[in-house]
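**Student:** Following this line is work.cif, made up of mmCIF, C-alpha atoms and all ligand atoms:
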data_run
loop_
_atom_site.label_atom_id
_atom_site.label_comp_id
_atom_site.auth_asym_id
_atom_site.auth_seq_id
_atom_site.Cartn_x
_atom_site.Cartn_y
_atom_site.Cartn_z
CA MET A 179 152.27 -1.86 76.99
CA HIS A 180 154.05 1.25 75.83
CA GLU A 181 156.79 1.49 78.48
CA LEU A 182 157.88 -2.14 78.11
CA GLY A 183 158.53 -1.57 74.42
CA ILE A 184 160.63 1.47 75.29
CA VAL A 185 162.60 -0.60 77.82
CA PHE A 186 163.56 -3.07 75.08
CA TYR A 187 164.95 -0.20 72.98
CA ILE A 188 166.95 1.06 75.99
CA ILE A 189 168.36 -2.42 76.63
CA ARG A 190 169.35 -2.78 72.98
CA ASP A 191 171.22 0.56 72.98
CA VAL A 192 172.87 0.00 76.38
CA LYS A 193 174.07 -3.44 75.29
CA GLU A 194 175.61 -1.92 72.20
CA ALA A 195 177.33 0.84 74.19
CA ALA A 196 178.62 -1.72 76.71
CA ARG A 197 180.07 -3.80 73.91
CA GLU A 198 181.81 -0.75 72.41
CA HIS A 199 183.37 0.17 75.76
CA GLY A 200 184.19 -3.39 76.82
CA VAL A 201 181.93 -3.14 79.89
CA GLU A 202 180.80 -6.32 81.65
CA HIS A 203 178.28 -4.95 84.09
CA VAL A 204 176.28 -1.71 84.19
CA LYS A 205 175.32 -0.26 87.59
CA THR A 206 173.06 2.58 86.56
CA VAL A 207 171.41 3.85 83.40
CA VAL A 208 170.47 7.53 83.46
CA MET A 209 167.64 8.64 81.14
CA ASN A 210 166.45 12.06 80.04
CA ILE A 211 162.67 11.91 79.79
CA GLY A 212 160.72 14.89 78.43
CA GLU A 213 157.53 15.91 80.24
CA VAL A 214 155.39 15.26 77.15
CA SER A 215 157.28 12.23 75.84
CA THR A 216 154.32 9.87 76.54
CA VAL A 217 156.53 7.89 78.95
CA VAL A 218 155.52 7.56 82.60
CA PRO A 219 158.81 7.27 84.54
CA GLU A 220 157.31 5.05 87.27
CA TYR A 221 156.00 2.55 84.69
CA LEU A 222 159.31 2.70 82.90
CA THR A 223 161.30 1.80 86.03
CA ASP A 224 158.85 -1.03 86.84
CA CYS A 225 159.20 -2.52 83.37
CA TRP A 226 162.94 -1.97 83.58
CA ARG A 227 163.28 -4.00 86.78
CA TRP A 228 161.43 -6.92 85.20
CA ALA A 229 163.34 -6.91 81.90
CA ALA A 230 166.83 -5.84 83.06
CA ASP A 231 167.16 -8.63 85.64
CA LYS A 232 166.89 -11.15 82.80
CA GLU A 233 170.21 -9.86 81.36
CA ASP A 234 173.61 -10.63 82.91
CA LEU A 235 174.89 -7.23 81.85
CA LEU A 236 172.07 -5.43 83.66
CA ARG A 237 171.21 -7.58 86.68
CA GLY A 238 170.44 -5.26 89.60
CA CYS A 239 171.12 -2.22 87.41
CA GLU A 240 169.15 0.86 88.43
CA LEU A 241 167.29 3.04 85.91
CA ARG A 242 167.24 6.72 86.87
CA CYS A 243 165.02 9.25 85.07
CA ASN A 244 165.73 12.97 84.79
CA LEU A 245 162.51 14.74 83.93
CA LEU A 246 163.00 17.53 81.37
CA PRO A 247 160.47 20.39 81.12
CA ALA A 248 158.39 20.86 77.97
CA LEU A 249 158.43 24.30 76.33
CA THR A 250 156.37 25.57 73.42
CA THR A 251 157.16 28.55 71.18
CA CYS A 252 154.41 30.67 69.65
CA ASN A 253 154.90 31.44 65.94
CA ALA A 254 152.50 34.41 66.15
CA CYS A 255 154.02 36.44 69.01
CA GLY A 256 157.33 34.67 69.63
CA ALA A 257 156.65 33.92 73.29
CA GLN A 258 157.85 30.74 74.95
CA TYR A 259 155.64 29.06 77.56
CA PRO A 260 155.35 25.84 79.59
CA THR A 261 153.50 23.26 77.47
CA VAL A 262 151.94 21.18 80.23
CA GLN A 263 150.20 24.20 81.74
CA HIS A 264 148.84 25.80 78.55
CA GLY A 265 148.82 23.11 75.87
CA ILE A 266 148.69 24.08 72.24
CA GLN A 267 147.21 27.59 72.65
CA CYS A 268 149.56 30.48 73.42
CA PRO A 269 148.61 32.06 76.79
CA HIS A 270 150.01 35.44 75.63
CA CYS A 271 148.18 36.03 72.35
CA GLY A 272 145.73 33.13 72.00
CA SER A 273 147.23 31.76 68.78
CA LYS A 274 147.20 28.02 68.10
CA ASP A 275 150.10 28.33 65.66
CA THR A 276 152.68 26.99 68.11
CA VAL A 277 155.53 24.47 68.05
CA LEU A 278 156.92 22.22 70.74
CA LYS A 279 160.56 23.25 71.35
CA CYS A 280 161.54 20.53 73.79
CA GLY A 281 160.00 18.02 76.13
CA ASN A 282 159.49 14.92 73.98
CA GLU A 283 162.95 13.42 74.62
CA ILE A 284 163.43 9.74 75.43
CA GLU A 285 167.17 9.66 75.60
CA ILE A 286 169.89 7.61 77.28
CA LYS A 287 172.04 10.26 78.95
CA GLU A 288 174.81 8.12 80.44
CA ILE A 289 175.62 4.81 82.06
CA GLU A 290 177.57 4.18 85.26
CA VAL A 291 179.77 1.08 85.22
CA MET B 257 187.66 0.35 96.23
CA ASP B 258 184.50 0.21 94.19
CA SER B 259 184.97 3.01 91.69
CA VAL B 260 182.22 4.15 89.39
CA LYS B 261 182.95 5.29 85.87
CA VAL B 262 180.43 7.36 83.95
CA ILE B 263 180.13 6.85 80.19
CA GLU B 264 178.21 9.54 78.38
CA ILE B 265 175.82 8.19 75.73
CA LYS B 266 173.40 11.01 74.79
CA LYS B 267 171.40 8.91 72.38
CA SER B 268 167.70 9.04 71.65
CA ILE B 269 166.01 5.65 71.60
CA PHE B 270 164.51 6.61 68.22
CA GLU B 271 167.92 7.00 66.59
CA SER B 272 168.62 3.36 65.61
CA ASN B 273 165.08 3.03 64.32
CA GLU B 274 165.53 6.03 62.06
CA ILE B 275 168.67 4.49 60.58
CA ASP B 276 166.85 1.16 60.02
CA ALA B 277 163.90 2.98 58.45
CA ASP B 278 166.08 4.90 56.00
CA SER B 279 167.86 1.76 54.89
CA LEU B 280 164.56 -0.10 54.41
CA ARG B 281 163.25 2.82 52.30
CA GLY B 282 166.40 2.66 50.20
CA GLU B 283 165.88 -1.06 49.52
CA LEU B 284 162.22 -0.50 48.60
CA LYS B 285 163.25 2.28 46.22
CA ALA B 286 165.77 -0.03 44.55
CA LYS B 287 163.11 -2.73 44.14
CA GLY B 288 160.49 -0.25 42.90
CA VAL B 289 158.02 -1.22 45.63
CA PHE B 290 155.96 1.50 47.32
CA LEU B 291 155.11 0.99 51.00
CA LEU B 292 152.22 2.99 52.45
CA ASN B 293 151.90 3.20 56.24
CA LEU B 294 148.23 3.68 57.16
CA MET B 295 147.49 4.79 60.72
CA SER B 296 144.42 5.77 62.77
CA SER B 297 142.51 5.20 66.00
CA PRO B 298 140.87 1.78 66.37
CA GLY B 299 137.72 1.48 64.29
CA SER B 300 138.10 4.61 62.16
CA GLY B 301 137.68 2.52 58.99
CA LYS B 302 141.14 1.43 57.82
CA THR B 303 140.12 -2.07 56.72
CA THR B 304 136.88 -0.92 55.07
CA THR B 305 138.77 1.83 53.20
CA LEU B 306 141.44 -0.61 52.05
CA VAL B 307 138.88 -3.06 50.68
CA ARG B 308 137.30 -0.26 48.61
CA THR B 309 140.60 1.18 47.45
CA ILE B 310 142.11 -2.15 46.45
CA GLY B 311 138.94 -2.86 44.45
CA LEU B 312 139.67 0.28 42.40
CA LEU B 313 143.40 -0.36 41.97
CA LYS B 314 143.95 -4.08 41.67
CA ASP B 315 143.79 -4.10 37.86
CA LYS B 316 146.39 -1.32 37.69
CA LEU B 317 148.82 -2.30 40.45
CA ARG B 318 150.10 -5.50 42.02
CA ILE B 319 149.18 -5.09 45.68
CA ALA B 320 149.73 -6.84 49.02
CA VAL B 321 148.57 -5.86 52.50
CA MET B 322 150.21 -6.30 55.90
CA GLU B 323 147.85 -6.12 58.85
CA ALA B 324 149.44 -5.28 62.17
CA ASP B 325 147.33 -6.26 65.10
CA ILE B 326 148.11 -6.87 68.69
CA ASP B 327 146.50 -10.29 68.55
CA SER B 328 144.10 -11.47 65.84
CA ASP B 329 143.92 -12.16 62.13
CA VAL B 330 140.39 -10.96 61.43
CA ASP B 331 141.51 -8.05 59.24
CA ALA B 332 143.97 -10.08 57.15
CA LEU B 333 141.23 -12.64 56.37
CA LYS B 334 138.74 -9.89 55.54
CA ILE B 335 141.13 -8.30 53.03
CA LYS B 336 141.90 -11.63 51.40
CA GLU B 337 138.24 -12.63 51.12
CA ALA B 338 136.98 -9.27 49.91
CA THR B 339 139.72 -8.38 47.42
CA GLY B 340 141.68 -11.52 46.59
CA VAL B 341 145.04 -9.78 47.10
CA ALA B 342 147.70 -11.34 49.33
CA SER B 343 147.45 -10.23 52.91
CA ILE B 344 149.54 -11.23 55.87
CA GLN B 345 149.05 -10.74 59.56
CA LEU B 346 151.82 -9.28 61.71
CA HIS B 347 151.48 -9.88 65.40
CA THR B 348 153.10 -7.10 67.38
CA GLY B 349 153.40 -9.19 70.52
CA GLY B 350 151.66 -6.59 72.64
CA MET B 351 153.61 -3.63 71.24
CA CYS B 352 151.59 -0.49 70.59
CA HIS B 353 153.35 0.32 67.31
CA LEU B 354 155.48 -1.14 64.54
CA ASP B 355 159.07 -0.07 64.07
CA ALA B 356 161.26 -0.46 60.99
CA GLU B 357 162.72 -3.76 62.18
CA MET B 358 159.26 -5.32 62.68
CA THR B 359 158.13 -3.96 59.30
CA ARG B 360 161.15 -5.53 57.64
CA GLN B 361 160.38 -8.89 59.26
CA GLY B 362 156.83 -8.62 57.93
CA LEU B 363 158.08 -7.78 54.43
CA ASP B 364 160.25 -10.90 54.49
CA ASN B 365 156.98 -12.84 54.16
CA VAL B 366 155.78 -10.86 51.16
CA PRO B 367 156.95 -11.67 47.60
CA LEU B 368 158.26 -8.13 46.94
CA ASP B 369 159.66 -8.85 43.48
CA GLY B 370 156.21 -9.20 41.95
CA LEU B 371 154.66 -6.17 43.64
CA ASP B 372 154.14 -2.44 43.08
CA LEU B 373 152.39 -1.51 46.32
CA VAL B 374 152.37 -2.83 49.87
CA ILE B 375 149.95 -1.26 52.33
CA LEU B 376 150.65 -1.55 56.02
CA GLU B 377 147.65 -1.23 58.34
CA ASN B 378 149.39 -0.07 61.51
CA VAL B 379 148.17 -0.67 65.08
CA GLY B 380 145.11 1.44 65.97
CA ASN B 381 146.67 4.22 68.05
CA LEU B 382 147.30 7.94 67.44
CA VAL B 383 150.38 8.29 69.63
CA CYS B 384 153.09 5.64 69.33
CA PRO B 385 152.89 4.79 65.59
CA ALA B 386 153.63 8.48 64.88
CA GLU B 387 156.89 8.29 66.81
CA PHE B 388 158.33 5.29 65.01
CA ASP B 389 159.29 5.56 61.35
CA THR B 390 158.36 2.20 59.75
CA GLY B 391 160.48 2.75 56.65
CA ALA B 392 157.36 3.48 54.58
CA CYS B 393 157.54 5.78 51.54
CA CYS B 394 154.46 7.75 52.63
CA ASN B 395 152.39 8.01 55.78
CA ALA B 396 148.62 8.38 55.67
CA MET B 397 146.05 8.49 58.44
CA ILE B 398 142.30 8.20 58.73
CA LEU B 399 140.33 10.45 61.05
CA SER B 400 136.67 9.45 61.30
CA VAL B 401 133.88 11.95 61.91
CA PRO B 402 132.74 10.57 65.31
CA GLU B 403 136.25 11.18 66.71
CA GLY B 404 135.83 14.96 66.42
CA HIS B 405 137.55 17.73 64.43
CA ASP B 406 139.91 18.73 67.25
CA LYS B 407 142.09 15.58 67.01
CA PRO B 408 144.89 17.42 65.10
CA LEU B 409 145.26 19.69 68.14
CA LYS B 410 145.37 16.78 70.57
CA TYR B 411 147.69 14.50 68.59
CA PRO B 412 149.87 16.99 66.70
CA LEU B 413 152.72 14.59 65.90
CA MET B 414 150.44 12.14 64.06
CA PHE B 415 149.25 14.91 61.73
CA GLN B 416 152.76 16.30 61.34
CA VAL B 417 154.16 13.02 60.01
CA CYS B 418 151.31 12.28 57.56
CA ASP B 419 151.40 13.23 53.88
CA LEU B 420 147.69 12.48 53.55
CA VAL B 421 144.70 12.66 55.90
CA LEU B 422 141.47 10.86 54.97
CA ILE B 423 138.38 12.07 56.79
CA ASN B 424 136.11 9.03 56.88
CA LYS B 425 132.45 8.34 57.69
CA THR B 426 131.19 11.53 56.06
CA ASP B 427 127.76 9.84 55.88
CA VAL B 428 127.31 10.51 59.61
CA LEU B 429 128.22 14.23 59.41
CA PRO B 430 124.58 15.26 60.02
CA TYR B 431 124.61 13.55 63.40
CA PHE B 432 127.85 14.99 64.79
CA ASP B 433 129.12 18.53 65.38
CA PHE B 434 132.20 17.74 63.25
CA ASP B 435 133.37 20.91 61.44
CA LEU B 436 135.18 19.90 58.24
CA GLU B 437 136.64 23.36 57.58
CA LYS B 438 137.95 23.72 61.15
CA CYS B 439 139.46 20.26 60.84
CA ARG B 440 141.31 21.22 57.66
CA GLU B 441 142.54 24.39 59.37
CA TYR B 442 143.87 22.44 62.39
CA ILE B 443 145.54 19.83 60.16
CA HIS B 444 147.29 22.54 58.13
CA LEU B 445 148.44 24.28 61.29
CA ARG B 446 150.38 21.11 62.13
CA ASN B 447 151.31 20.27 58.55
CA PRO B 448 150.75 22.83 55.78
CA LYS B 449 151.62 20.28 53.08
CA ALA B 450 149.16 17.55 54.11
CA ARG B 451 146.59 16.58 51.51
CA VAL B 452 143.08 16.19 52.99
CA ILE B 453 140.44 13.98 51.32
CA PRO B 454 136.96 13.43 52.81
CA ILE B 455 135.64 9.94 52.09
CA CYS B 456 132.84 7.58 52.98
CA ALA B 457 134.23 4.06 52.97
CA LYS B 458 130.73 2.69 53.48
CA THR B 459 129.35 4.05 50.20
CA GLY B 460 132.67 4.52 48.40
CA GLU B 461 132.24 8.28 47.98
CA GLY B 462 135.61 10.04 47.67
CA VAL B 463 137.56 6.79 47.70
CA ASP B 464 138.39 7.27 44.00
CA ALA B 465 140.32 10.45 44.90
CA PHE B 466 142.37 8.47 47.41
CA ALA B 467 142.99 5.70 44.85
CA GLN B 468 144.11 8.33 42.33
CA TRP B 469 146.51 9.89 44.86
CA LEU B 470 147.96 6.48 45.65
CA LEU B 471 148.39 5.59 41.97
CA GLU B 472 150.27 8.86 41.38
CA GLU B 473 152.53 8.35 44.41
CA VAL B 474 153.37 4.79 43.34
CA THR B 475 154.16 5.97 39.81
CA LYS B 476 156.42 8.76 41.13
CA TRP B 477 158.24 6.30 43.42
CA LYS B 478 158.98 3.91 40.57
CA ASN B 479 160.57 6.60 38.40
N1 LIG C 501 128.82 4.84 58.90
C1 LIG C 501 130.02 4.45 58.48
N2 LIG C 501 130.63 3.39 59.05
C2 LIG C 501 131.84 3.02 58.59
C3 LIG C 501 132.48 3.70 57.54
N3 LIG C 501 133.69 3.11 57.31
C4 LIG C 501 133.78 2.11 58.21
N4 LIG C 501 132.67 2.03 58.97
C5 LIG C 501 132.37 1.08 60.05
O1 LIG C 501 133.25 1.31 61.14
C6 LIG C 501 133.59 0.07 61.77
C7 LIG C 501 135.09 -0.11 61.84
O2 LIG C 501 135.61 -0.21 60.52
P1 LIG C 501 136.98 -0.94 60.18
O3 LIG C 501 137.21 -0.78 58.71
O4 LIG C 501 137.00 -2.30 60.74
O5 LIG C 501 137.98 -0.02 60.99
P2 LIG C 501 139.53 -0.25 61.32
O6 LIG C 501 140.14 1.09 61.43
O7 LIG C 501 140.12 -1.20 60.34
O8 LIG C 501 139.43 -0.95 62.76
P3 LIG C 501 140.59 -1.66 63.61
O9 LIG C 501 141.44 -2.46 62.66
O10 LIG C 501 139.84 -2.52 64.57
O11 LIG C 501 141.34 -0.56 64.27
C8 LIG C 501 132.89 -1.02 60.98
O12 LIG C 501 131.69 -1.35 61.61
C9 LIG C 501 132.65 -0.36 59.63
O13 LIG C 501 131.55 -0.90 58.96
C10 LIG C 501 131.79 4.81 56.93
O14 LIG C 501 132.28 5.47 56.01
N5 LIG C 501 130.59 5.14 57.46
MG MG C 502 141.23 -2.95 60.70
ZN ZN C 503 151.49 33.97 71.13
#
Can I see the file as C-alpha cells?
**Tutor:**
Amino acid sequence: MHELGIVFYIIRDVKEAAREHGVEHVKTVVMNIGEVSTVVPEYLTDCWRWAADKEDLLRGCELRCNLLPALTTCNACGAQYPTVQHGIQCPHCGSKDTVLKCGNEIEIKEIEV
Amino acid sequence: MDSVKVIEIKKSIFESNEIDADSLRGELKAKGVFLLNLMSSPGSGKTTTLVRTIGLLKDKLRIAVMEADIDSDVDALKIKEATGVASIQLHTGGMCHLDAEMTRQGLDNVPLDGLDLVILENVGNLVCPAEFDTGACCNAMILSVPEGHDKPLKYPLMFQVCDLVLINKTDVLPYFDFDLEKCREYIHLRNPKARVIPICAKTGEGVDAFAQWLLEEVTKWKN
C-alpha cells in the first residue's frame, strides 16, 4: 500500500531529526500534503497510527496534515488555475501546454516535542 | 507545566532518496556499469521486450536483470530460461515502487564487476515509480497500445522522467483507436527530449532500434 510506504519515510526522517535535536519523544508531526500528491491524508493517518505506535519515540504521537492547493500555470497564455478543477487543459485558452506549479508536496513541516 | 516546543523541519520525504540515488549513480559510473530503470503499467510487455532485447545484445554486452515484483519470481525465471543471462528477483514487500536504497540492496546480489548493463524491471505502476529516483542512469517506460494514447496526459510525471518511451503491441493497432501521432505529441508536451520508439515485442519489430539506443547509451556511460 502506497501510504504505508510513505509513513516509513516519514518515520525515518523524524527519527533523524529527533536524534539531531536530542529529542526523546515526539508529540505531533505536522505534514504539508499537496492536493495532487497521490497521498490520501486519511489513509496516511491510519497507517501512521499502526506504524508509529511500534516506536518508543513516536508512541501516541499524532500526525497532522495540512492540505496545500494545487495550481497549474499555462505556458500558452500565462494564466494560473486550480489543477483539481481543470486538470491538464487550461480553462482560459484551451492549451494543454501547462505545468504544475505546486500541489505535489509530501513534506514534513515541523514536529512538536 | 507541559510545554510544547516546535522544531521546524521543512523536508520533503523524497530528499534523502535523491541523495541516495545520486550516490548510487556515482558508484555505477565509477564501475562502468549502466543501470536502466524500465517502468510501465502491469502487462504492457516489459518482460517480453527484455527477452527480445537481451537476445540482440548478449553477444555485445554483459547483462544482468533485476525483476522487482510485489510477490513472485515468475519474471526472473522467464528471463533466465529464455536468455541465459543472470536474473534476480527483488521482493518489494508490498511497496508500490523501488527506491534507491532497495535498488542498492538488489545490486548487492549482482556481480557488478563483470557487467556492462543491468536492467531493472520496476513494479508495474505509472504513479509511484516515477516519484522515486532508483539511482538508474536512464529511465525508460513502455506504453502499450491497448492502454490508450492519452496516458501522457493522465500520468505526466512518468513521461517527464523518462528518456525513452517504447510504444509496444503495435500489432494490435488495427483493433484500437490508438493515435500514434497524438501520442508522440502528448509525450513531447511533457518531455520534449524523450525519444519515442514504436515496437512489437511479439514479432520483434522495432526492438532492434531499442537495442541500438541501449548499446549507444551504455557506450556513452562507460566513456
Ligand atoms: N499482441 C501482443 N502481445 C504482447 C506484446 N508484447 C507482450 N505481449 C503480451 O502481453 C502480456 C504481458 O506481457 P509481459 O511481457 O509479461 O508484460 P510485463 O509488463 O512484463 O507484465 P508484468 O511484469 O506482469 O507487469 C503477455 O501475454 C505477452 O505475450 C506485443 O507486442 N503484442
Ligand atoms: Mg514482467
Ligand atoms: Zn492558457
**Student:** Go through chain A and flag each residue having an atom no more than 6 Å from chain B; for those, report the closest pair of atoms plus their distance in Å to one decimal, using all atoms listed in the file, ordered by chain and rising number, as a Markdown table.
**Tutor:**
| residue | atom | partner | partner_atom | distance |
| --- | --- | --- | --- | --- |
| A:Ile284 | CA | B:Ser268 | CA | 5.7 |
| A:Glu285 | CA | B:Ser268 | CA | 4.0 |
| A:Ile286 | CA | B:Lys267 | CA | 5.3 |
| A:Lys287 | CA | B:Lys266 | CA | 4.4 |
| A:Glu288 | CA | B:Glu264 | CA | 4.2 |
| A:Ile289 | CA | B:Ile263 | CA | 5.3 |
| A:Glu290 | CA | B:Val262 | CA | 4.5 |
| A:Val291 | CA | B:Lys261 | CA | 5.3 |
**Student:** As lines of an AutoDock Vina configuration file, what would the box around region 363-374 of chain B look like: edges along x, y and z, 4 Å added on every side, centre and edge lengths in Å to one decimal?
**Tutor:**
center_x = 156.3
center_y = -7.2
center_z = 48.2
size_x = 15.9
size_y = 19.3
size_z = 20.5
**Student:** Write out, as a Markdown table, each residue of chain A that has an atom at most 9 Å from ligand ZN 503 (chain C), together with the closest pair of atoms and their distance in Å to one decimal, counting only C-alpha atoms and all ligand atoms, rows going by chain and rising number.
**Tutor:**
| residue | atom | partner | partner_atom | distance |
| --- | --- | --- | --- | --- |
| A:Thr251 | CA | C:ZN503 | ZN | 7.8 |
| A:Cys252 | CA | C:ZN503 | ZN | 4.6 |
| A:Asn253 | CA | C:ZN503 | ZN | 6.7 |
| A:Ala254 | CA | C:ZN503 | ZN | 5.1 |
| A:Cys255 | CA | C:ZN503 | ZN | 4.1 |
| A:Gly256 | CA | C:ZN503 | ZN | 6.1 |
| A:Ala257 | CA | C:ZN503 | ZN | 5.6 |
| A:Gln258 | CA | C:ZN503 | ZN | 8.1 |
| A:Gln267 | CA | C:ZN503 | ZN | 7.8 |
| A:Cys268 | CA | C:ZN503 | ZN | 4.6 |
| A:Pro269 | CA | C:ZN503 | ZN | 6.6 |
| A:His270 | CA | C:ZN503 | ZN | 5.0 |
| A:Cys271 | CA | C:ZN503 | ZN | 4.1 |
| A:Gly272 | CA | C:ZN503 | ZN | 5.9 |
| A:Ser273 | CA | C:ZN503 | ZN | 5.3 |
| A:Lys274 | CA | C:ZN503 | ZN | 7.9 |
| A:Asp275 | CA | C:ZN503 | ZN | 8.0 |
| A:Thr276 | CA | C:ZN503 | ZN | 7.7 |
**Student:** Which chains and residue numbers are within 6 Å of ligand LIG 501 (chain C), counting only C-alpha atoms and all ligand atoms, if I want them as a PyMOL selection string?
**Tutor:** chain B and resi 298-304+380+424-425+427-428+456-458
**Student:** Name the closest residue to Ser400 (chain B) among the candidates B:Ile455, B:Ala324, B:Leu284, B:Met414; distances are taken between atoms, counting all atoms listed in the file.
**Tutor:** B:Ile455
**Student:** Given all atoms listed in the file, how would the per-residue table for chain B near ligand MG 502 (chain C) read, listing every residue at most 12 Å away with its closest atom pair and distance in Å to one decimal, sorted by chain and number, as a Markdown table?
**Tutor:**
| residue | atom | partner | partner_atom | distance |
| --- | --- | --- | --- | --- |
| B:Leu294 | CA | C:MG502 | MG | 10.3 |
| B:Met295 | CA | C:MG502 | MG | 10.0 |
| B:Ser296 | CA | C:MG502 | MG | 9.5 |
| B:Ser297 | CA | C:MG502 | MG | 9.8 |
| B:Pro298 | CA | C:MG502 | MG | 7.4 |
| B:Gly299 | CA | C:MG502 | MG | 6.7 |
| B:Ser300 | CA | C:MG502 | MG | 8.3 |
| B:Gly301 | CA | C:MG502 | MG | 6.7 |
| B:Lys302 | CA | C:MG502 | MG | 5.2 |
| B:Thr303 | CA | C:MG502 | MG | 4.2 |
| B:Thr304 | CA | C:MG502 | MG | 7.4 |
| B:Thr305 | CA | C:MG502 | MG | 9.2 |
| B:Leu306 | CA | C:MG502 | MG | 9.0 |
| B:Val307 | CA | C:MG502 | MG | 10.3 |
| B:Val321 | CA | C:MG502 | MG | 11.4 |
| B:Met322 | CA | C:MG502 | MG | 10.7 |
| B:Glu323 | CA | C:MG502 | MG | 7.6 |
| B:Ala324 | CA | C:MG502 | MG | 8.7 |
| B:Asp325 | CA | C:MG502 | MG | 8.2 |
| B:Ile326 | CA | C:MG502 | MG | 11.2 |
| B:Asp327 | CA | C:MG502 | MG | 12.0 |
| B:Ser328 | CA | C:MG502 | MG | 10.4 |
| B:Asp329 | CA | C:MG502 | MG | 9.7 |
| B:Val330 | CA | C:MG502 | MG | 8.1 |
| B:Asp331 | CA | C:MG502 | MG | 5.3 |
| B:Ala332 | CA | C:MG502 | MG | 8.4 |
| B:Leu333 | CA | C:MG502 | MG | 10.6 |
| B:Lys334 | CA | C:MG502 | MG | 9.0 |
| B:Ile335 | CA | C:MG502 | MG | 9.4 |
| B:Gln345 | CA | C:MG502 | MG | 11.1 |
| B:Leu376 | CA | C:MG502 | MG | 10.6 |
| B:Glu377 | CA | C:MG502 | MG | 7.1 |
| B:Asn378 | CA | C:MG502 | MG | 8.7 |
| B:Val379 | CA | C:MG502 | MG | 8.5 |
| B:Gly380 | CA | C:MG502 | MG | 7.9 |
| B:Asn381 | CA | C:MG502 | MG | 11.6 |
| B:Ile398 | CA | C:MG502 | MG | 11.4 |
**Student:** List the neighbours of Gly288 (chain B) out to 12 Å using only C-alpha atoms; skip same-chain residues closer than 4 positions along the sequence, and give me the result as a list in words.
**Tutor:** Arg281, Gly282, Glu283, Leu284, Arg318, Leu368, Asp369, Gly370, Leu371, Asp372, Leu373, Val374, Cys393, Glu473, Val474, Thr475, Lys476, Trp477, Lys478 and Asn479 of chain B
**Student:** Provide the CA of Ala286 (chain B) to CA of Asn395 (chain B) distance in Å, to one decimal place.
**Tutor:**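 Computing it gives 19.2 Å between the two atoms.
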**Student:** With all heavy atoms as the goal, would you fill in the gaps in region 201-205 of chain A and present it as a compact mmCIF listing (two decimals), keeping the file's coordinate frame?
**Tutor:**
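The file below, rebuild34.txt, is the result:
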# COMPACT_ATOMS: atom_id res chain seq x y z
N VAL A 201 182.47 -3.14 78.53
CA VAL A 201 181.93 -3.14 79.89
C VAL A 201 181.22 -4.47 80.15
O VAL A 201 180.49 -4.96 79.30
CB VAL A 201 180.93 -1.97 80.05
CG1 VAL A 201 180.16 -2.09 81.35
CG2 VAL A 201 181.65 -0.64 79.96
N GLU A 202 181.44 -5.04 81.34
CA GLU A 202 180.80 -6.32 81.65
C GLU A 202 179.55 -6.21 82.51
O GLU A 202 178.70 -7.09 82.51
CB GLU A 202 181.81 -7.26 82.31
CG GLU A 202 182.58 -8.04 81.26
CD GLU A 202 183.85 -8.63 81.80
OE1 GLU A 202 183.89 -8.92 83.02
OE2 GLU A 202 184.80 -8.78 81.01
N HIS A 203 179.50 -5.15 83.31
CA HIS A 203 178.28 -4.95 84.09
C HIS A 203 177.97 -3.46 84.23
O HIS A 203 178.86 -2.66 84.47
CB HIS A 203 178.40 -5.59 85.48
CG HIS A 203 177.10 -5.53 86.23
ND1 HIS A 203 176.87 -4.59 87.21
CD2 HIS A 203 175.97 -6.25 86.09
CE1 HIS A 203 175.63 -4.75 87.67
NE2 HIS A 203 175.06 -5.76 87.01
N VAL A 204 176.70 -3.12 84.08
CA VAL A 204 176.28 -1.71 84.19
C VAL A 204 175.55 -1.54 85.51
O VAL A 204 174.66 -2.32 85.85
CB VAL A 204 175.35 -1.33 83.00
CG1 VAL A 204 174.91 0.11 83.11
CG2 VAL A 204 176.06 -1.57 81.68
N LYS A 205 175.93 -0.49 86.27
CA LYS A 205 175.32 -0.26 87.59
C LYS A 205 174.07 0.60 87.50
O LYS A 205 173.09 0.38 88.21
CB LYS A 205 176.32 0.49 88.49
CG LYS A 205 177.39 -0.39 89.07
CD LYS A 205 178.04 0.34 90.24
CE LYS A 205 179.02 -0.58 90.94
NZ LYS A 205 180.39 -0.07 90.87
